[in-house]
$ cat query_25.cif   # mmCIF, C-alpha atoms and all ligand atoms
data_structure
loop_
_atom_site.label_atom_id
_atom_site.label_comp_id
_atom_site.auth_asym_id
_atom_site.auth_seq_id
_atom_site.Cartn_x
_atom_site.Cartn_y
_atom_site.Cartn_z
CA MET A 1 11.52 10.86 8.07
CA ILE A 2 15.35 11.00 7.77
CA GLU A 3 15.73 7.93 9.93
CA PHE A 4 12.85 6.24 8.12
CA ILE A 5 14.61 6.78 4.76
CA GLU A 6 18.02 5.71 6.02
CA LYS A 7 16.80 2.46 7.53
CA MET A 8 14.33 1.59 4.76
CA PRO A 9 15.29 -1.60 2.84
CA LYS A 10 15.98 -0.67 -0.78
CA ALA A 11 17.60 -1.83 -4.01
CA GLU A 12 20.05 0.01 -6.23
CA LEU A 13 19.78 -0.63 -9.97
CA HIS A 14 22.13 1.95 -11.46
CA ILE A 15 25.63 2.13 -10.01
CA HIS A 16 28.84 2.08 -12.05
CA ILE A 17 31.35 0.21 -9.92
CA GLU A 18 34.19 2.35 -11.28
CA GLY A 19 32.17 5.34 -10.05
CA SER A 20 32.27 3.99 -6.49
CA LEU A 21 36.07 4.33 -6.33
CA GLU A 22 36.67 6.85 -3.55
CA PRO A 23 39.82 9.05 -3.74
CA GLU A 24 41.34 7.33 -0.67
CA LEU A 25 41.20 3.90 -2.33
CA MET A 26 42.31 5.43 -5.65
CA PHE A 27 45.51 6.66 -3.96
CA GLU A 28 46.04 3.34 -2.21
CA LEU A 29 45.71 1.38 -5.47
CA GLY A 30 47.86 3.92 -7.32
CA ARG A 31 50.63 3.41 -4.73
CA ARG A 32 50.21 -0.37 -4.74
CA ASN A 33 50.48 -0.53 -8.53
CA GLY A 34 53.03 2.24 -9.12
CA ILE A 35 50.55 4.35 -11.10
CA ASP A 36 51.00 8.11 -10.89
CA LEU A 37 47.89 10.24 -10.39
CA PRO A 38 47.74 13.88 -11.49
CA PHE A 39 46.83 14.80 -7.88
CA THR A 40 48.79 14.72 -4.63
CA THR A 41 46.02 14.87 -2.01
CA VAL A 42 42.48 13.62 -1.54
CA GLU A 43 41.36 17.25 -1.20
CA GLU A 44 42.89 18.05 -4.60
CA VAL A 45 40.99 15.16 -6.14
CA ARG A 46 37.69 16.27 -4.63
CA ALA A 47 38.31 19.85 -5.74
CA ALA A 48 38.72 18.58 -9.33
CA TYR A 49 35.24 17.00 -9.21
CA ARG A 50 33.48 20.05 -10.61
CA PHE A 51 31.68 19.19 -13.78
CA ASP A 52 29.79 21.20 -16.42
CA ASN A 53 28.34 18.27 -18.31
CA LEU A 54 28.61 14.50 -18.82
CA GLN A 55 31.83 14.64 -20.87
CA SER A 56 33.74 16.74 -18.32
CA PHE A 57 32.93 14.05 -15.75
CA LEU A 58 33.77 11.10 -18.02
CA ASP A 59 37.24 12.49 -18.80
CA ILE A 60 38.23 12.46 -15.13
CA TYR A 61 36.36 9.23 -14.38
CA TYR A 62 38.24 7.20 -17.02
CA GLN A 63 41.51 8.63 -15.71
CA GLY A 64 40.68 7.47 -12.16
CA ALA A 65 40.01 3.93 -13.40
CA ASN A 66 43.66 3.58 -14.51
CA VAL A 67 44.70 2.57 -10.98
CA LEU A 68 42.67 -0.65 -11.31
CA GLN A 69 45.08 -3.37 -12.40
CA THR A 70 44.63 -6.68 -10.59
CA GLU A 71 41.85 -9.03 -9.53
CA GLN A 72 42.47 -7.88 -5.95
CA ASP A 73 41.91 -4.23 -6.99
CA PHE A 74 38.51 -5.09 -8.48
CA PHE A 75 37.69 -7.09 -5.36
CA ASP A 76 38.68 -4.24 -3.04
CA MET A 77 36.63 -1.65 -4.95
CA THR A 78 33.54 -3.86 -5.13
CA TRP A 79 33.82 -4.99 -1.51
CA ALA A 80 34.10 -1.36 -0.34
CA TYR A 81 30.91 -0.51 -2.24
CA LEU A 82 29.03 -3.53 -0.86
CA GLN A 83 30.01 -2.63 2.69
CA ARG A 84 28.58 0.83 2.08
CA CYS A 85 25.39 -0.86 0.87
CA ARG A 86 25.20 -2.73 4.13
CA ALA A 87 25.50 0.49 6.12
CA ARG A 88 22.66 2.04 4.08
CA ASN A 89 20.22 -0.86 4.13
CA ILE A 90 20.61 -1.61 0.43
CA ILE A 91 19.68 -5.27 0.37
CA HIS A 92 19.96 -5.84 -3.38
CA THR A 93 22.16 -4.17 -5.98
CA GLU A 94 22.72 -4.45 -9.73
CA ILE A 95 26.22 -3.32 -10.58
CA PHE A 96 27.40 -1.91 -13.92
CA PHE A 97 30.95 -2.38 -15.08
CA ASP A 98 32.74 -1.11 -18.21
CA PRO A 99 35.01 -3.91 -19.50
CA GLN A 100 36.44 -1.82 -22.35
CA THR A 101 37.82 0.76 -19.89
CA HIS A 102 40.06 -2.03 -18.61
CA THR A 103 40.64 -4.39 -21.54
CA ASP A 104 41.78 -1.44 -23.69
CA ARG A 105 44.59 -0.96 -21.10
CA GLY A 106 45.60 -4.61 -21.34
CA ILE A 107 43.78 -5.78 -18.18
CA GLY A 108 42.22 -9.22 -18.64
CA LEU A 109 38.50 -9.74 -18.29
CA GLU A 110 39.19 -12.57 -15.80
CA ALA A 111 40.70 -10.05 -13.35
CA VAL A 112 37.80 -7.61 -13.76
CA ILE A 113 35.00 -10.15 -13.46
CA GLY A 114 36.87 -12.46 -11.05
CA GLY A 115 37.37 -9.71 -8.45
CA MET A 116 33.78 -8.52 -8.65
CA VAL A 117 32.33 -12.03 -8.45
CA ARG A 118 34.45 -12.85 -5.39
CA ALA A 119 33.28 -9.67 -3.61
CA ARG A 120 29.69 -10.35 -4.53
CA ASP A 121 29.82 -13.95 -3.26
CA ASP A 122 31.32 -12.70 0.01
CA ALA A 123 28.57 -10.05 0.28
CA ARG A 124 25.85 -12.63 -0.13
CA GLU A 125 27.39 -14.80 2.57
CA LYS A 126 28.71 -12.22 5.06
CA LEU A 127 26.44 -9.19 4.53
CA GLY A 128 23.19 -10.80 3.31
CA ILE A 129 23.20 -8.62 0.17
CA SER A 130 22.13 -10.08 -3.18
CA SER A 131 23.51 -8.64 -6.40
CA ARG A 132 23.79 -8.98 -10.18
CA LEU A 133 26.37 -7.76 -12.68
CA ILE A 134 25.55 -5.81 -15.85
CA MET A 135 28.24 -5.34 -18.49
CA CYS A 136 28.08 -1.97 -20.28
CA PHE A 137 29.43 -1.11 -23.71
CA LEU A 138 31.08 2.29 -24.14
CA ARG A 139 29.06 4.08 -26.82
CA HIS A 140 31.90 6.45 -27.75
CA LEU A 141 33.69 3.35 -29.09
CA SER A 142 32.52 1.45 -32.17
CA ALA A 143 29.77 -1.16 -32.41
CA GLY A 144 32.52 -3.52 -33.64
CA SER A 145 34.43 -3.06 -30.39
CA ALA A 146 31.22 -3.71 -28.43
CA MET A 147 30.62 -6.92 -30.41
CA GLU A 148 34.16 -8.07 -29.73
CA THR A 149 33.67 -7.36 -26.01
CA LEU A 150 30.43 -9.35 -25.99
CA GLN A 151 32.22 -12.30 -27.55
CA GLN A 152 35.09 -12.10 -25.05
CA ALA A 153 32.55 -12.11 -22.22
CA LEU A 154 30.67 -15.23 -23.32
CA PRO A 155 32.82 -17.57 -21.15
CA TYR A 156 31.67 -15.50 -18.13
CA LYS A 157 28.02 -15.49 -19.15
CA LYS A 158 26.78 -17.20 -16.00
CA TYR A 159 28.04 -14.27 -13.91
CA ILE A 160 26.38 -11.52 -15.98
CA ILE A 161 22.62 -10.92 -16.02
CA GLY A 162 22.52 -8.26 -18.71
CA VAL A 163 24.26 -5.79 -20.97
CA GLY A 164 23.97 -2.00 -21.02
CA LEU A 165 25.13 1.07 -22.92
CA ASP A 166 26.89 4.03 -21.31
CA SER A 167 29.45 6.84 -21.76
CA SER A 168 29.03 9.94 -23.99
CA GLU A 169 25.41 10.00 -25.10
CA ALA A 170 25.17 12.92 -27.53
CA GLY A 171 25.89 11.80 -31.09
CA HIS A 172 25.96 8.11 -30.14
CA PRO A 173 22.39 6.86 -30.64
CA PRO A 174 21.21 3.43 -29.48
CA GLU A 175 20.49 2.42 -33.09
CA ASP A 176 24.27 2.16 -33.71
CA PHE A 177 24.33 -0.83 -31.33
CA ARG A 178 21.31 -2.70 -32.63
CA LEU A 179 23.21 -5.75 -33.88
CA VAL A 180 25.24 -6.13 -30.67
CA PHE A 181 22.10 -6.00 -28.56
CA GLU A 182 20.36 -8.48 -30.87
CA ARG A 183 23.24 -10.89 -30.33
CA ALA A 184 23.21 -10.27 -26.57
CA LEU A 185 19.48 -11.00 -26.40
CA ALA A 186 20.00 -14.19 -28.43
CA GLU A 187 22.66 -15.24 -25.89
CA GLY A 188 20.11 -14.79 -23.09
CA PHE A 189 21.24 -11.46 -21.63
CA LEU A 190 18.68 -8.89 -20.52
CA THR A 191 19.30 -5.39 -21.91
CA VAL A 192 19.33 -1.85 -20.51
CA ALA A 193 20.66 1.43 -21.93
CA HIS A 194 21.47 4.94 -20.76
CA ALA A 195 19.12 7.17 -22.72
CA GLY A 196 17.57 10.60 -22.23
CA GLU A 197 20.23 11.74 -19.75
CA GLU A 198 21.73 14.33 -22.11
CA GLY A 199 20.38 12.81 -25.31
CA PRO A 200 16.93 13.47 -26.79
CA PRO A 201 13.71 11.52 -26.16
CA ALA A 202 14.23 9.85 -29.57
CA TYR A 203 17.15 7.92 -28.04
CA ILE A 204 14.82 6.54 -25.34
CA ARG A 205 12.41 5.38 -28.02
CA GLN A 206 15.25 3.72 -29.95
CA ALA A 207 16.46 1.94 -26.81
CA VAL A 208 12.95 0.53 -26.27
CA GLU A 209 12.12 -0.34 -29.87
CA LEU A 210 15.52 -1.37 -31.28
CA LEU A 211 17.48 -2.59 -28.24
CA HIS A 212 14.41 -4.11 -26.48
CA VAL A 213 15.56 -2.82 -23.11
CA SER A 214 13.96 -3.99 -19.87
CA ARG A 215 14.84 -0.67 -18.20
CA ILE A 216 15.99 2.80 -19.23
CA ASP A 217 18.91 4.30 -17.31
CA HIS A 218 18.15 7.95 -16.49
CA GLY A 219 15.38 8.64 -19.06
CA VAL A 220 14.52 11.96 -17.43
CA ARG A 221 14.18 13.73 -20.80
CA CYS A 222 11.16 11.53 -21.64
CA SER A 223 9.06 14.35 -20.17
CA GLU A 224 9.66 16.33 -23.38
CA ASP A 225 7.57 13.83 -25.36
CA ALA A 226 4.07 13.08 -24.03
CA GLU A 227 3.56 10.11 -26.36
CA LEU A 228 6.80 8.56 -25.18
CA VAL A 229 5.74 8.98 -21.55
CA LYS A 230 2.50 7.20 -22.37
CA LEU A 231 4.41 4.32 -23.96
CA LEU A 232 6.71 3.99 -20.92
CA VAL A 233 3.73 4.10 -18.56
CA ASP A 234 1.67 1.60 -20.59
CA ARG A 235 4.56 -0.86 -20.73
CA GLN A 236 5.74 -0.03 -17.19
CA ILE A 237 9.33 0.21 -18.41
CA PRO A 238 11.33 1.26 -15.34
CA LEU A 239 13.54 4.37 -15.28
CA THR A 240 16.66 4.24 -13.09
CA VAL A 241 16.90 7.93 -12.18
CA CYS A 242 20.00 9.38 -10.48
CA PRO A 243 19.11 12.74 -8.89
CA LEU A 244 22.49 13.85 -7.45
CA SER A 245 24.23 12.85 -10.69
CA ASN A 246 21.77 14.87 -12.78
CA VAL A 247 22.37 18.00 -10.72
CA LYS A 248 26.18 17.57 -10.67
CA LEU A 249 26.22 17.13 -14.47
CA ARG A 250 23.82 20.06 -14.95
CA VAL A 251 20.99 18.06 -16.49
CA PHE A 252 19.00 20.09 -13.94
CA ASP A 253 20.33 23.34 -12.47
CA LYS A 254 19.29 22.47 -8.94
CA MET A 255 17.59 19.65 -7.07
CA SER A 256 14.38 21.63 -6.66
CA ASP A 257 14.10 21.67 -10.51
CA HIS A 258 14.39 17.86 -10.81
CA ASN A 259 11.40 16.15 -12.44
CA ILE A 260 11.67 12.76 -10.68
CA LEU A 261 8.56 13.09 -8.52
CA ASN A 262 6.52 14.43 -11.46
CA LEU A 263 7.61 11.37 -13.45
CA LEU A 264 6.61 9.14 -10.52
CA GLU A 265 3.21 10.82 -10.26
CA SER A 266 2.66 10.38 -14.04
CA GLY A 267 2.54 6.65 -13.38
CA LEU A 268 6.09 5.85 -14.53
CA LYS A 269 7.97 3.08 -12.76
CA VAL A 270 10.66 5.35 -11.35
CA THR A 271 13.56 4.24 -9.13
CA VAL A 272 16.26 6.22 -7.26
CA ASN A 273 19.94 5.44 -7.78
CA SER A 274 23.42 6.87 -7.18
CA ASP A 275 25.16 6.40 -10.60
CA ASP A 276 28.76 7.28 -9.55
CA PRO A 277 28.55 7.99 -5.83
CA ALA A 278 32.26 8.71 -5.29
CA TYR A 279 32.03 11.54 -7.82
CA PHE A 280 28.56 12.99 -7.23
CA GLY A 281 28.55 13.62 -3.50
CA GLY A 282 26.46 10.79 -2.16
CA TYR A 283 25.37 7.18 -2.09
CA LEU A 284 21.81 5.94 -2.44
CA ASN A 285 20.48 7.25 0.88
CA GLU A 286 21.84 10.72 0.15
CA ASN A 287 19.85 10.66 -3.12
CA TYR A 288 16.62 9.78 -1.28
CA LEU A 289 17.38 12.41 1.38
CA ALA A 290 17.89 15.09 -1.31
CA LEU A 291 14.40 14.35 -2.64
CA TYR A 292 12.97 14.76 0.83
CA ARG A 293 14.90 17.96 1.51
CA ASP A 294 14.47 19.74 -1.85
CA LEU A 295 11.35 18.21 -3.39
CA ASN A 296 9.28 17.46 -0.29
CA MET A 297 9.11 13.75 -1.10
CA THR A 298 6.46 12.17 1.12
CA ARG A 299 6.81 8.96 3.11
CA GLU A 300 4.37 7.30 0.72
CA GLN A 301 6.47 8.34 -2.29
CA ALA A 302 9.66 7.08 -0.63
CA ILE A 303 8.02 3.70 -0.04
CA ARG A 304 6.72 3.60 -3.64
CA LEU A 305 10.21 4.34 -4.98
CA ALA A 306 11.74 1.58 -2.84
CA ARG A 307 9.02 -0.87 -3.87
CA ASN A 308 9.70 0.02 -7.53
CA SER A 309 13.41 -0.67 -7.00
CA PHE A 310 12.63 -4.26 -6.03
CA GLU A 311 9.93 -4.78 -8.64
CA ALA A 312 12.17 -3.42 -11.43
CA SER A 313 15.11 -5.61 -10.41
CA PHE A 314 16.43 -8.56 -12.40
CA THR A 315 15.95 -11.08 -9.59
CA GLY A 316 13.71 -14.12 -9.90
CA GLU A 317 10.04 -13.87 -8.92
CA GLN A 318 10.50 -15.57 -5.54
CA GLU A 319 13.50 -13.48 -4.56
CA LYS A 320 11.60 -10.35 -5.64
CA GLN A 321 8.65 -11.23 -3.43
CA ALA A 322 10.98 -11.78 -0.49
CA LEU A 323 12.59 -8.36 -1.04
CA VAL A 324 9.20 -6.60 -1.26
CA ALA A 325 8.05 -8.46 1.87
CA CYS A 326 11.11 -7.16 3.69
CA LEU A 327 10.08 -3.58 2.80
CA GLU A 328 6.47 -4.23 3.86
CA ARG A 329 7.55 -5.58 7.25
CA TYR A 330 9.71 -2.51 7.76
CA VAL A 331 6.87 -0.12 6.85
CA GLN A 332 4.45 -1.89 9.20
CA ALA A 333 6.91 -2.00 12.05
CA SER A 334 7.59 1.72 11.74
CA GLY A 335 3.90 2.52 12.13
N1 LIG A 401 29.35 6.16 -17.02
C1 LIG A 401 29.41 6.40 -15.71
N2 LIG A 401 28.46 7.28 -15.35
C2 LIG A 401 27.78 7.60 -16.47
C3 LIG A 401 26.68 8.45 -16.76
N3 LIG A 401 26.08 9.17 -15.81
N4 LIG A 401 26.27 8.54 -18.03
C4 LIG A 401 26.87 7.84 -18.99
N5 LIG A 401 27.89 7.02 -18.78
C5 LIG A 401 28.35 6.90 -17.53
ZN ZN A 402 25.01 5.80 -15.31
#

$ encode --input "query_25.cif" --output "structure tokens"
Amino acid sequence: MIEFIEKMPKAELHIHIEGSLEPELMFELGRRNGIDLPFTTVEEVRAAYRFDNLQSFLDIYYQGANVLQTEQDFFDMTWAYLQRCRARNIIHTEIFFDPQTHTDRGIGLEAVIGGMVRARDDAREKLGISSRLIMCFLRHLSAGSAMETLQQALPYKKYIIGVGLDSSEAGHPPEDFRLVFERALAEGFLTVAHAGEEGPPAYIRQAVELLHVSRIDHGVRCSEDAELVKLLVDRQIPLTVCPLSNVKLRVFDKMSDHNILNLLESGLKVTVNSDDPAYFGGYLNENYLALYRDLNMTREQAIRLARNSFEASFTGEQEKQALVACLERYVQASG
């Protein structure tokens, strides 16, 4: 089963590229750019990755992103992640990035997007991995700042499939960003939003009804509202669930308490994702393996989750069929 999971073709739909920055590369970029870090060793950095909640993680995560300065830095980070995808049989990935984390420090959007696009083009050609970029607005900043960011990104529209909403959830409801998302939809972007990670089920409902999202990121707190679950099942709105992240940030006390397989068995279109793998102790395969180890995920459930990851992706219909076919061939060949 472990080998079956590791080799299974899969897609990742919820990964913050800044959350893939491993301490080793963080030090290298810090040295290259003359940026001091409040740590002296990789071990010290890893020891600091002990979080009580979402905010305690975000504080350290935004600090880590300060080492990213040039187009080459964004290339190096993205390329490192895509090579890890290759090693884990992730054949399609949809990558979040937080432009405001960088533009607020005076880094140009052309460096951020340019580096990621170059890595992604290389990955398509050299690694056979397809990918999309999703630009997230930081919800702890104002809707005005999000609107300004959307406008700045319009020249790069062809590189960005959708917009999302992330950062501190509590006290920052989706409804605050209604106008920005309306404008994004009018410009042809798809929409997603983090909701129901720490925030209440009402935020999930707002994301669906006011932001017209095609997927909910996390969404695990939907289980507190049976009517909401029914709505998500009826409309087959995918949830991009991140098990290791949820346990690290104490959304669940331990993996054996996680509700992901119950959500899957309720008929929800659930997917497995890594969120911020450099911070949460594992990439996508480690998330699947945790479900096998602690929740007794069956082979059939693993296959269903992988199939969902392709079906919930923002690829075209033909590409989607090719991805699902790749999974089916794998399942057949492994007997
Ligand atoms: N940004 C990076 N990871 C996040 C998470 N888990 N929730 C909200 N914003 C994030
Ligand atoms: Zn996230």

$ residues_around --input "query_25.cif" --residues "Gly316 (chain A)" --least-positions-apart "5" --cutoff "12 Å" --atoms "all atoms listed in the file" --output "list in words"
Ser130, Ser131, Arg132, Ile161, Phe310, Glu311, Gln321, Ala322 and Leu323 of chain A

$ write_last_selection --input "query_25.cif" --atoms "C-alpha atoms" --output "PDB file, in the frame of the given file"
ATOM      1  CA  SER A 130      22.130 -10.080  -3.180  1.00  0.00           C
ATOM      2  CA  SER A 131      23.510  -8.640  -6.400  1.00  0.00           C
ATOM      3  CA  ARG A 132      23.790  -8.980 -10.180  1.00  0.00           C
ATOM      4  CA  ILE A 161      22.620 -10.920 -16.020  1.00  0.00           C
ATOM      5  CA  PHE A 310      12.630  -4.260  -6.030  1.00  0.00           C
ATOM      6  CA  GLU A 311       9.930  -4.780  -8.640  1.00  0.00           C
ATOM      7  CA  GLN A 321       8.650 -11.230  -3.430  1.00  0.00           C
ATOM      8  CA  ALA A 322      10.980 -11.780  -0.490  1.00  0.00           C
ATOM      9  CA  LEU A 323      12.590  -8.360  -1.040  1.00  0.00           C
TER      10      LEU A 323
END

$ residues_near_ligand --input "query_25.cif" --ligand "ligand ZN 402 (chain A)" --cutoff "12 Å" --atoms "all atoms listed in the file" --output "PyMOL selection string"
chain A and resi 12-20+54+57-58+61+94-98+134+136-138+164-169+192-198+216-219+239-246+249+272-277+279-280

$ write_last_selection --input "query_25.cif" --atoms "C-alpha atoms" --output "compact mmCIF listing (two decimals), in the frame of the given file"
# COMPACT_ATOMS: atom_id res chain seq x y z
CA GLU A 12 20.05 0.01 -6.23
CA LEU A 13 19.78 -0.63 -9.97
CA HIS A 14 22.13 1.95 -11.46
CA ILE A 15 25.63 2.13 -10.01
CA HIS A 16 28.84 2.08 -12.05
CA ILE A 17 31.35 0.21 -9.92
CA GLU A 18 34.19 2.35 -11.28
CA GLY A 19 32.17 5.34 -10.05
CA SER A 20 32.27 3.99 -6.49
CA LEU A 54 28.61 14.50 -18.82
CA PHE A 57 32.93 14.05 -15.75
CA LEU A 58 33.77 11.10 -18.02
CA TYR A 61 36.36 9.23 -14.38
CA GLU A 94 22.72 -4.45 -9.73
CA ILE A 95 26.22 -3.32 -10.58
CA PHE A 96 27.40 -1.91 -13.92
CA PHE A 97 30.95 -2.38 -15.08
CA ASP A 98 32.74 -1.11 -18.21
CA ILE A 134 25.55 -5.81 -15.85
CA CYS A 136 28.08 -1.97 -20.28
CA PHE A 137 29.43 -1.11 -23.71
CA LEU A 138 31.08 2.29 -24.14
CA GLY A 164 23.97 -2.00 -21.02
CA LEU A 165 25.13 1.07 -22.92
CA ASP A 166 26.89 4.03 -21.31
CA SER A 167 29.45 6.84 -21.76
CA SER A 168 29.03 9.94 -23.99
CA GLU A 169 25.41 10.00 -25.10
CA VAL A 192 19.33 -1.85 -20.51
CA ALA A 193 20.66 1.43 -21.93
CA HIS A 194 21.47 4.94 -20.76
CA ALA A 195 19.12 7.17 -22.72
CA GLY A 196 17.57 10.60 -22.23
CA GLU A 197 20.23 11.74 -19.75
CA GLU A 198 21.73 14.33 -22.11
CA ILE A 216 15.99 2.80 -19.23
CA ASP A 217 18.91 4.30 -17.31
CA HIS A 218 18.15 7.95 -16.49
CA GLY A 219 15.38 8.64 -19.06
CA LEU A 239 13.54 4.37 -15.28
CA THR A 240 16.66 4.24 -13.09
CA VAL A 241 16.90 7.93 -12.18
CA CYS A 242 20.00 9.38 -10.48
CA PRO A 243 19.11 12.74 -8.89
CA LEU A 244 22.49 13.85 -7.45
CA SER A 245 24.23 12.85 -10.69
CA ASN A 246 21.77 14.87 -12.78
CA LEU A 249 26.22 17.13 -14.47
CA VAL A 272 16.26 6.22 -7.26
CA ASN A 273 19.94 5.44 -7.78
CA SER A 274 23.42 6.87 -7.18
CA ASP A 275 25.16 6.40 -10.60
CA ASP A 276 28.76 7.28 -9.55
CA PRO A 277 28.55 7.99 -5.83
CA TYR A 279 32.03 11.54 -7.82
CA PHE A 280 28.56 12.99 -7.23

$ residues_around --input "query_25.cif" --residues "Met116 (chain A)" --least-positions-apart "5" --cutoff "7 Å" --atoms "all atoms listed in the file" --output "VMD selection string"
chain A and resid 74 to 75 78

$ closest_residue --input "query_25.cif" --among "A:Arg250, A:Arg205, A:Arg86, A:His212" --to "ligand LIG 401 (chain A)" --atoms "all atoms listed in the file"
A:Arg250

$ closest_residue --input "query_25.cif" --among "A:Arg304, A:Arg299, A:Lys126, A:Arg46" --to "Ile5 (chain A)" --atoms "all atoms listed in the file"
A:Arg299

$ axis_aligned_box --input "query_25.cif" --around "ligand LIG 401 (chain A)" --padding-each-side "6 Å" --output "JSON"
{"center_x": 27.7, "center_y": 7.7, "center_z": -17.2, "size_x": 15.3, "size_y": 15.0, "size_z": 15.6}

$ residues_around --input "query_25.cif" --residues "region 259-266 of chain A" --least-positions-apart "5" --cutoff "12 Å" --atoms "all atoms listed in the file" --output "PyMOL selection string"
chain A and resi 218-224+226+229-234+236+238-244+246-247+251-254+271-273+287-288+290-292+294-298+300-306+308

$ atom_distance --input "query_25.cif" --atom1 "CA of Pro200 (chain A)" --atom2 "CA of Lys269 (chain A)"
19.6 Å
